[in-house]
$ cat model.cif   # mmCIF, C-alpha atoms and all ligand atoms
data_target
#
loop_
_atom_site.group_PDB
_atom_site.id
_atom_site.type_symbol
_atom_site.label_atom_id
_atom_site.label_comp_id
_atom_site.auth_asym_id
_atom_site.auth_seq_id
_atom_site.Cartn_x
_atom_site.Cartn_y
_atom_site.Cartn_z
ATOM 1 C CA MET J 1 59.205 126.152 96.342
ATOM 2 C CA ARG J 2 60.030 129.287 94.357
ATOM 3 C CA ILE J 3 62.883 131.497 95.511
ATOM 4 C CA ALA J 4 64.302 134.715 94.063
ATOM 5 C CA LEU J 5 68.042 134.318 93.464
ATOM 6 C CA ASN J 6 70.460 137.012 92.343
ATOM 7 C CA LYS J 7 73.442 134.737 91.740
ATOM 8 C CA ALA J 8 75.151 131.569 92.887
ATOM 9 C CA HIS J 9 78.783 130.531 92.767
ATOM 10 C CA PHE J 10 81.141 127.725 93.748
ATOM 11 C CA PRO J 11 83.715 127.789 95.204
ATOM 12 C CA VAL J 12 83.438 130.901 97.359
ATOM 13 C CA THR J 13 86.411 131.240 99.719
ATOM 14 C CA VAL J 14 85.961 134.717 101.205
ATOM 15 C CA LEU J 15 82.630 134.409 103.058
ATOM 16 C CA GLY J 16 83.178 131.714 105.663
ATOM 17 C CA PRO J 17 85.682 128.906 106.166
ATOM 18 C CA GLY J 18 86.763 126.619 103.357
ATOM 19 C CA ARG J 19 85.325 126.059 99.883
ATOM 20 C CA ARG J 20 81.694 127.086 99.948
ATOM 21 C CA LEU J 21 78.597 127.431 97.855
ATOM 22 C CA GLY J 22 77.558 131.073 97.739
ATOM 23 C CA LEU J 23 73.860 131.869 97.287
ATOM 24 C CA TRP J 24 72.794 135.504 97.012
ATOM 25 C CA LEU J 25 69.034 135.872 97.343
ATOM 26 C CA GLN J 26 67.223 138.628 95.448
ATOM 27 C CA GLY J 27 65.312 141.358 97.273
ATOM 28 C CA CYS J 28 66.198 143.538 100.240
ATOM 29 C CA SER J 29 63.916 145.964 102.068
ATOM 30 C CA ILE J 30 66.607 147.318 104.399
ATOM 31 C CA HIS J 31 68.617 149.554 102.040
ATOM 32 C CA CYS J 32 71.704 150.218 104.144
ATOM 33 C CA PRO J 33 73.380 153.435 102.911
ATOM 34 C CA ASN J 34 76.298 152.671 100.567
ATOM 35 C CA CYS J 35 75.519 148.951 100.340
ATOM 36 C CA VAL J 36 77.736 147.444 97.613
ATOM 37 C CA SER J 37 75.012 144.990 96.500
ATOM 38 C CA GLN J 38 72.272 147.353 95.390
ATOM 39 C CA ASP J 39 71.543 145.101 92.404
ATOM 40 C CA THR J 40 70.025 142.684 94.934
ATOM 41 C CA TRP J 41 67.484 145.183 96.301
ATOM 42 C CA PRO J 42 64.509 144.902 93.874
ATOM 43 C CA PHE J 43 61.976 142.151 94.558
ATOM 44 C CA ASP J 44 62.262 140.920 90.982
ATOM 45 C CA ARG J 45 60.098 137.922 90.086
ATOM 46 C CA GLY J 46 62.161 137.547 86.948
ATOM 47 C CA ARG J 47 64.917 136.286 89.242
ATOM 48 C CA GLU J 48 62.838 133.422 90.578
ATOM 49 C CA THR J 49 64.016 129.857 90.385
ATOM 50 C CA THR J 50 63.204 126.871 92.580
ATOM 51 C CA VAL J 51 64.885 125.384 95.619
ATOM 52 C CA ALA J 52 65.048 122.071 93.720
ATOM 53 C CA ALA J 53 66.912 123.726 90.824
ATOM 54 C CA ILE J 54 69.401 125.299 93.240
ATOM 55 C CA LEU J 55 70.066 121.918 94.855
ATOM 56 C CA THR J 56 70.538 120.213 91.490
ATOM 57 C CA TRP J 57 73.052 122.896 90.498
ATOM 58 C CA ALA J 58 74.771 122.768 93.898
ATOM 59 C CA ARG J 59 75.329 119.010 93.753
ATOM 60 C CA LYS J 60 76.627 119.250 90.202
ATOM 61 C CA VAL J 61 79.149 122.060 90.743
ATOM 62 C CA SER J 62 80.388 120.828 94.109
ATOM 63 C CA GLY J 63 80.394 117.090 93.429
ATOM 64 C CA ASP J 64 79.077 116.813 96.996
ATOM 65 C CA GLN J 65 82.500 118.056 98.179
ATOM 66 C CA LEU J 66 82.136 121.330 100.054
ATOM 67 C CA ASP J 67 82.939 122.832 103.422
ATOM 68 C CA GLY J 68 79.939 125.088 103.717
ATOM 69 C CA VAL J 69 77.120 127.126 102.231
ATOM 70 C CA THR J 70 76.896 130.893 102.621
ATOM 71 C CA ILE J 71 73.495 132.507 102.098
ATOM 72 C CA SER J 72 73.572 136.246 101.578
ATOM 73 C CA GLY J 73 71.810 138.762 99.439
ATOM 74 C CA GLY J 74 69.807 140.733 99.298
ATOM 75 C CA GLU J 75 68.090 139.989 102.565
ATOM 76 C CA PRO J 76 67.542 136.240 103.001
ATOM 77 C CA PHE J 77 64.960 136.747 105.756
ATOM 78 C CA ASP J 78 62.772 138.834 103.433
ATOM 79 C CA GLN J 79 61.850 135.476 101.835
ATOM 80 C CA PRO J 80 61.207 133.477 105.014
ATOM 81 C CA LYS J 81 59.190 130.623 103.483
ATOM 82 C CA ALA J 82 61.628 130.144 100.641
ATOM 83 C CA LEU J 83 64.583 130.409 103.014
ATOM 84 C CA GLY J 84 63.031 127.730 105.230
ATOM 85 C CA ALA J 85 62.574 125.425 102.241
ATOM 86 C CA LEU J 86 66.154 126.065 101.144
ATOM 87 C CA LEU J 87 67.536 125.330 104.613
ATOM 88 C CA ALA J 88 65.482 122.130 104.844
ATOM 89 C CA ALA J 89 66.748 121.020 101.433
ATOM 90 C CA LEU J 90 70.364 121.734 102.408
ATOM 91 C CA SER J 91 69.923 119.764 105.619
ATOM 92 C CA HIS J 92 68.427 116.829 103.713
ATOM 93 C CA TRP J 93 71.314 116.936 101.223
ATOM 94 C CA ARG J 94 73.871 116.956 104.033
ATOM 95 C CA GLU J 95 72.247 113.948 105.671
ATOM 96 C CA SER J 96 71.937 112.046 102.402
ATOM 97 C CA ILE J 97 75.673 112.281 101.658
ATOM 98 C CA GLY J 98 76.828 111.918 105.269
ATOM 99 C CA GLY J 99 78.380 115.361 104.904
ATOM 100 C CA ASP J 100 79.393 117.899 107.495
ATOM 101 C CA PHE J 101 79.167 121.205 105.651
ATOM 102 C CA ASP J 102 77.976 124.209 107.654
ATOM 103 C CA VAL J 103 75.371 126.785 106.684
ATOM 104 C CA LEU J 104 76.108 130.449 107.397
ATOM 105 C CA ALA J 105 73.588 133.216 106.691
ATOM 106 C CA TYR J 106 73.955 136.982 106.570
ATOM 107 C CA SER J 107 71.107 139.292 107.519
ATOM 108 C CA GLY J 108 70.716 143.037 107.762
ATOM 109 C CA TYR J 109 68.091 142.613 110.484
ATOM 110 C CA ALA J 110 68.942 142.951 114.166
ATOM 111 C CA LEU J 111 69.571 139.715 116.016
ATOM 112 C CA SER J 112 66.722 140.478 118.458
ATOM 113 C CA ARG J 113 64.238 140.801 115.588
ATOM 114 C CA LEU J 114 65.391 137.546 114.003
ATOM 115 C CA GLN J 115 65.120 135.751 117.348
ATOM 116 C CA GLU J 116 61.597 137.070 117.798
ATOM 117 C CA LYS J 117 60.258 136.538 114.281
ATOM 118 C CA HIS J 118 62.261 133.650 112.855
ATOM 119 C CA PRO J 119 63.398 131.253 115.605
ATOM 120 C CA ARG J 120 62.706 128.219 113.404
ATOM 121 C CA LEU J 121 64.955 129.551 110.668
ATOM 122 C CA LEU J 122 67.743 130.308 113.136
ATOM 123 C CA ALA J 123 67.425 126.732 114.443
ATOM 124 C CA GLN J 124 68.288 125.464 110.952
ATOM 125 C CA LEU J 125 71.487 127.531 110.659
ATOM 126 C CA ASP J 126 74.984 126.782 111.928
ATOM 127 C CA ALA J 127 76.048 130.432 112.103
ATOM 128 C CA LEU J 128 74.671 133.900 111.523
ATOM 129 C CA ILE J 129 76.098 137.349 110.797
ATOM 130 C CA PRO J 130 73.230 139.764 111.585
ATOM 131 C CA GLU J 131 72.786 143.550 111.859
ATOM 132 C CA PRO J 132 72.771 146.145 109.080
ATOM 133 C CA TYR J 133 75.867 147.324 107.283
ATOM 134 C CA VAL J 134 76.942 150.696 108.721
ATOM 135 C CA ASP J 135 79.203 152.522 106.313
ATOM 136 C CA THR J 136 80.417 154.975 108.960
ATOM 137 C CA LEU J 137 81.832 152.156 111.111
ATOM 138 C CA PRO J 138 85.124 150.519 110.198
ATOM 139 C CA ARG J 139 85.487 147.013 108.788
ATOM 140 C CA THR J 140 87.253 145.315 111.681
ATOM 141 C CA HIS J 141 86.573 141.553 111.701
ATOM 142 C CA LEU J 142 86.863 138.707 109.265
ATOM 143 C CA TRP J 143 83.824 138.182 106.988
ATOM 144 C CA ARG J 144 82.035 141.253 108.338
ATOM 145 C CA GLY J 145 81.429 144.584 106.633
ATOM 146 C CA SER J 146 81.190 146.892 109.631
ATOM 147 C CA ALA J 147 82.191 146.753 113.288
ATOM 148 C CA ASN J 148 78.607 146.357 114.580
ATOM 149 C CA GLN J 149 78.148 142.935 112.940
ATOM 150 C CA PRO J 150 78.806 139.920 115.190
ATOM 151 C CA LEU J 151 79.536 136.361 114.083
ATOM 152 C CA ILE J 152 77.175 134.111 116.042
ATOM 153 C CA PRO J 153 77.553 130.328 116.060
ATOM 154 C CA LEU J 154 74.134 128.731 116.498
ATOM 155 C CA SER J 155 74.504 124.949 116.319
ATOM 156 C CA PRO J 156 77.055 122.539 117.846
ATOM 157 C CA ARG J 157 78.635 122.275 114.384
ATOM 158 C CA GLY J 158 78.729 126.055 114.095
ATOM 159 C CA LYS J 159 80.219 126.451 117.564
ATOM 160 C CA ALA J 160 83.012 123.979 116.780
ATOM 161 C CA ARG J 161 83.761 125.363 113.338
ATOM 162 C CA TYR J 162 83.529 129.099 113.969
ATOM 163 C CA ALA J 163 85.187 129.279 117.405
ATOM 164 C CA PRO J 164 88.640 130.119 115.931
ATOM 165 C CA TYR J 165 87.217 132.987 113.870
ATOM 166 C CA LEU J 166 84.992 134.880 116.287
ATOM 167 C CA GLU J 167 87.533 137.581 117.087
ATOM 168 C CA GLN J 168 89.767 137.204 114.033
ATOM 169 C CA LYS J 169 90.559 140.573 112.507
ATOM 170 C CA ALA J 170 89.893 141.408 108.892
ATOM 171 C CA SER J 171 93.000 141.190 106.776
ATOM 172 C CA ALA J 172 93.986 142.837 103.529
ATOM 173 C CA ASP J 173 94.345 139.559 101.647
ATOM 174 C CA SER J 174 91.622 137.142 100.571
ATOM 175 C CA ARG J 175 88.791 139.585 101.132
ATOM 176 C CA MET J 176 87.364 139.514 97.622
ATOM 177 C CA GLN J 177 86.967 137.135 94.681
ATOM 178 C CA SER J 178 86.006 138.036 91.148
ATOM 179 C CA TRP J 179 85.053 136.262 87.952
ATOM 180 C CA PHE J 180 83.667 137.095 84.518
ATOM 181 C CA ASP J 181 80.318 135.789 83.324
ATOM 182 C CA GLY J 182 80.050 136.855 79.688
ATOM 183 C CA GLU J 183 80.362 140.620 79.855
ATOM 184 C CA ARG J 184 79.589 140.817 83.564
ATOM 185 C CA LEU J 185 82.217 141.083 86.240
ATOM 186 C CA TRP J 186 81.167 139.589 89.569
ATOM 187 C CA VAL J 187 82.963 140.637 92.702
ATOM 188 C CA VAL J 188 82.109 138.910 95.986
ATOM 189 C CA GLY J 189 83.412 139.183 99.508
ATOM 190 C CA ILE J 190 83.704 142.021 101.965
ATOM 191 C CA PRO J 191 85.322 145.073 100.366
ATOM 192 C CA ASP J 192 87.164 147.611 102.454
ATOM 193 C CA ARG J 193 86.238 151.273 102.186
ATOM 194 C CA GLY J 194 87.447 152.585 98.834
ATOM 195 C CA ASP J 195 87.983 149.146 97.250
ATOM 196 C CA MET J 196 85.245 149.580 94.661
ATOM 197 C CA ALA J 197 86.538 153.013 93.618
ATOM 198 C CA THR J 198 90.011 151.471 93.269
ATOM 199 C CA LEU J 199 88.569 148.644 91.171
ATOM 200 C CA GLU J 200 86.871 151.135 88.847
ATOM 201 C CA ALA J 201 90.012 153.246 88.560
ATOM 202 C CA GLU J 202 92.200 150.230 87.776
ATOM 203 C CA ALA J 203 89.691 148.931 85.227
ATOM 204 C CA GLY J 204 89.603 152.396 83.638
ATOM 205 C CA ALA J 205 93.402 152.483 83.452
ATOM 206 C CA ARG J 206 93.192 149.256 81.403
ATOM 207 C CA GLY J 207 90.540 150.683 79.058
ATOM 208 C CA LEU J 208 87.572 148.951 80.722
ATOM 209 C CA THR J 209 84.458 150.944 81.635
ATOM 210 C CA LEU J 210 82.270 149.428 84.362
ATOM 211 C CA LYS J 211 78.595 150.166 83.646
ATOM 212 C CA ASP J 212 75.566 149.539 85.869
ATOM 213 C CA VAL J 213 77.672 148.877 88.947
ATOM 214 C CA SER J 214 75.956 147.486 92.055
ATOM 215 C CA TRP J 215 77.471 149.877 94.583
ATOM 216 C CA ARG J 216 75.608 153.075 93.637
HETATM 217 S S1 LIG H 301 74.087 145.338 103.172
HETATM 218 FE FE1 LIG H 301 72.663 143.588 102.978
HETATM 219 S S2 LIG H 301 70.929 144.184 104.281
HETATM 220 FE FE2 LIG H 301 72.078 146.048 103.895
HETATM 221 S S3 LIG H 301 71.101 146.930 102.052
HETATM 222 FE FE3 LIG H 301 72.815 145.676 101.339
HETATM 223 S S4 LIG H 301 71.885 143.713 100.861
HETATM 224 FE FE4 LIG H 301 70.432 144.798 102.187
#

$ encode --input "model.cif" --output "structure tokens" --more "lines below"
Ligand code: SF4
Amino acid sequence: MRIALNKAHFPVTVLGPGRRLGLWLQGCSIHCPNCVSQDTWPFDRGRETTVAAILTWARKVSGDQLDGVTISGGEPFDQPKALGALLAALSHWRESIGGDFDVLAYSGYALSRLQEKHPRLLAQLDALIPEPYVDTLPRTHLWRGSANQPLIPLSPRGKARYAPYLEQKASADSRMQSWFDGERLWVVGIPDRGDMATLEAEAGARGLTLKDVSWR
């Protein structure tokens, strides 16, 4: 099954509990104002790979040792067939290694719409953070970008694992990770308002110019 992927990384530690695989799918039709991931918006077939290739990479980089998988984007539910194949492959992997990693997905769609249109996909997830990013609302809770976004455990595993975090407030530390890939700087996590401007200013003060940034 083909799937459009913007990037993948391991370990991600700022988007869910523990050491996680991060998968950012390519393509988003929602276009929340001031989204920091605007590079994920185009439905770019040049970004296509396969679910099998993602699983091969995931097993290699994690050594089958991981606490969870976070699927973000982009809008994962804009590729429902591919997302279903990915979730099935992750479930099969988990069973084959006797693992207990959880799968958390982000979506900019309303929970009611996802429940109506994609109940089978929700049934394959352990937890979900739905609703669009609203730049005029504050960032209040852990792993969420704006105050309208709930954290919803969906499975027994998700309910057990995410119960301690449902009302946990966002903190200043551990909200973002970054790494270099050649000449590209990747920043993942949930930035606070003004973080990206601060990043650009601090890079500029060190003689680095950030070109083609994803947040405008
Ligand atoms: S925040 Fe998510 S849903 Fe909203 S525009 Fe950005 S990628 Fe799309």

$ residues_around --input "model.cif" --residues "stretch 133-141 of chain J" --least-positions-apart "3" --cutoff "6 Å" --atoms "all atoms listed in the file" --output "PyMOL selection string"
chain J and resi 32+144-147+168-170

$ residues_near_point --input "model.cif" --point "(85.5, 131.3, 105.8)" --cutoff "9 Å" --atoms "only C-alpha atoms" --output "PDB file with C-alpha atoms, keeping the file's coordinate frame"
ATOM      1  CA  VAL J  12      83.438 130.901  97.359  1.00  0.00           C
ATOM      2  CA  THR J  13      86.411 131.240  99.719  1.00  0.00           C
ATOM      3  CA  VAL J  14      85.961 134.717 101.205  1.00  0.00           C
ATOM      4  CA  LEU J  15      82.630 134.409 103.058  1.00  0.00           C
ATOM      5  CA  GLY J  16      83.178 131.714 105.663  1.00  0.00           C
ATOM      6  CA  PRO J  17      85.682 128.906 106.166  1.00  0.00           C
ATOM      7  CA  GLY J  18      86.763 126.619 103.357  1.00  0.00           C
ATOM      8  CA  ARG J  19      85.325 126.059  99.883  1.00  0.00           C
ATOM      9  CA  ARG J  20      81.694 127.086  99.948  1.00  0.00           C
ATOM     10  CA  GLY J  68      79.939 125.088 103.717  1.00  0.00           C
ATOM     11  CA  LEU J 142      86.863 138.707 109.265  1.00  0.00           C
ATOM     12  CA  TRP J 143      83.824 138.182 106.988  1.00  0.00           C
ATOM     13  CA  TYR J 162      83.529 129.099 113.969  1.00  0.00           C
ATOM     14  CA  TYR J 165      87.217 132.987 113.870  1.00  0.00           C
TER      15      TYR J 165
END

$ atom_distance --input "model.cif" --atom1 "atom CA of J:Pro130" --atom2 "atom CA of J:Leu111"
5.7 Å

$ residues_near_ligand --input "model.cif" --ligand "ligand LIG 301 (chain H)" --cutoff "8 Å" --atoms "only C-alpha atoms and all ligand atoms" --output "number ranges by chain"
J: 27-38, 40-41, 72-75, 106-109, 131-133

$ closest_residue --input "model.cif" --among "J:Phe10, J:Trp57, J:Phe77, J:Trp93" --to "J:Ser178" --atoms "only C-alpha atoms"
J:Phe10

$ closest_residue --input "model.cif" --among "J:Ile3, J:Ala127, J:Met196, J:Ala53" --to "J:Val103" --atoms "all atoms listed in the file"
J:Ala127

$ atom_distance --input "model.cif" --atom1 "atom CA of J:Leu66" --atom2 "atom CA of J:Leu114"
27.2 Å

$ build_atoms --input "model.cif" --residues "stretch 55-84 of chain J" --atoms "N, CA and C atoms" --output "compact mmCIF listing (two decimals), in the coordinates of the input"
# COMPACT_ATOMS: atom_id res chain seq x y z
N LEU J 55 69.41 123.12 94.32
CA LEU J 55 70.07 121.92 94.86
C LEU J 55 70.67 121.08 93.74
N THR J 56 69.97 120.97 92.63
CA THR J 56 70.54 120.21 91.49
C THR J 56 71.84 120.85 91.04
N TRP J 57 71.83 122.17 90.90
CA TRP J 57 73.05 122.90 90.50
C TRP J 57 74.14 122.71 91.55
N ALA J 58 73.78 122.83 92.82
CA ALA J 58 74.77 122.77 93.90
C ALA J 58 75.48 121.41 93.91
N ARG J 59 74.72 120.35 93.73
CA ARG J 59 75.33 119.01 93.75
C ARG J 59 76.24 118.83 92.55
N LYS J 60 75.82 119.40 91.42
CA LYS J 60 76.63 119.25 90.20
C LYS J 60 77.95 120.00 90.33
N VAL J 61 77.91 121.27 90.74
CA VAL J 61 79.15 122.06 90.74
C VAL J 61 80.08 121.65 91.88
N SER J 62 79.53 121.17 92.97
CA SER J 62 80.39 120.83 94.11
C SER J 62 80.82 119.37 94.11
N GLY J 63 80.11 118.52 93.35
CA GLY J 63 80.39 117.09 93.43
C GLY J 63 80.22 116.56 94.84
N ASP J 64 79.34 117.18 95.58
CA ASP J 64 79.08 116.81 97.00
C ASP J 64 80.30 117.03 97.89
N GLN J 65 81.29 117.77 97.39
CA GLN J 65 82.50 118.06 98.18
C GLN J 65 82.53 119.55 98.49
N LEU J 66 82.16 119.92 99.68
CA LEU J 66 82.14 121.33 100.05
C LEU J 66 82.29 121.44 101.56
N ASP J 67 82.77 122.59 101.98
CA ASP J 67 82.94 122.83 103.42
C ASP J 67 81.76 123.58 104.02
N GLY J 68 81.04 124.32 103.17
CA GLY J 68 79.94 125.09 103.72
C GLY J 68 79.10 125.73 102.64
N VAL J 69 78.02 126.35 103.09
CA VAL J 69 77.12 127.13 102.23
C VAL J 69 76.96 128.49 102.89
N THR J 70 77.13 129.54 102.12
CA THR J 70 76.90 130.89 102.62
C THR J 70 75.70 131.48 101.89
N ILE J 71 74.71 131.91 102.66
CA ILE J 71 73.50 132.51 102.10
C ILE J 71 73.51 133.99 102.43
N SER J 72 73.51 134.80 101.39
CA SER J 72 73.57 136.25 101.58
C SER J 72 72.55 136.90 100.65
N GLY J 73 72.77 138.14 100.35
CA GLY J 73 71.81 138.76 99.44
C GLY J 73 72.27 140.13 99.04
N GLY J 74 71.19 140.91 98.92
CA GLY J 74 69.81 140.73 99.30
C GLY J 74 69.64 140.42 100.79
N GLU J 75 68.40 140.31 101.17
CA GLU J 75 68.09 139.99 102.56
C GLU J 75 67.41 138.62 102.60
N PRO J 76 68.13 137.59 103.02
CA PRO J 76 67.54 136.24 103.00
C PRO J 76 66.24 136.14 103.79
N PHE J 77 66.15 136.88 104.90
CA PHE J 77 64.96 136.75 105.76
C PHE J 77 63.76 137.53 105.22
N ASP J 78 63.93 138.24 104.12
CA ASP J 78 62.77 138.83 103.43
C ASP J 78 62.01 137.80 102.62
N GLN J 79 62.55 136.59 102.49
CA GLN J 79 61.85 135.48 101.84
C GLN J 79 61.79 134.32 102.84
N PRO J 80 61.08 134.48 103.95
CA PRO J 80 61.21 133.48 105.01
C PRO J 80 60.75 132.08 104.62
N LYS J 81 59.66 131.97 103.85
CA LYS J 81 59.19 130.62 103.48
C LYS J 81 60.19 129.95 102.56
N ALA J 82 60.66 130.71 101.58
CA ALA J 82 61.63 130.14 100.64
C ALA J 82 62.94 129.81 101.35
N LEU J 83 63.35 130.68 102.27
CA LEU J 83 64.58 130.41 103.01
C LEU J 83 64.43 129.13 103.84
N GLY J 84 63.27 128.95 104.46
CA GLY J 84 63.03 127.73 105.23
C GLY J 84 63.11 126.49 104.35
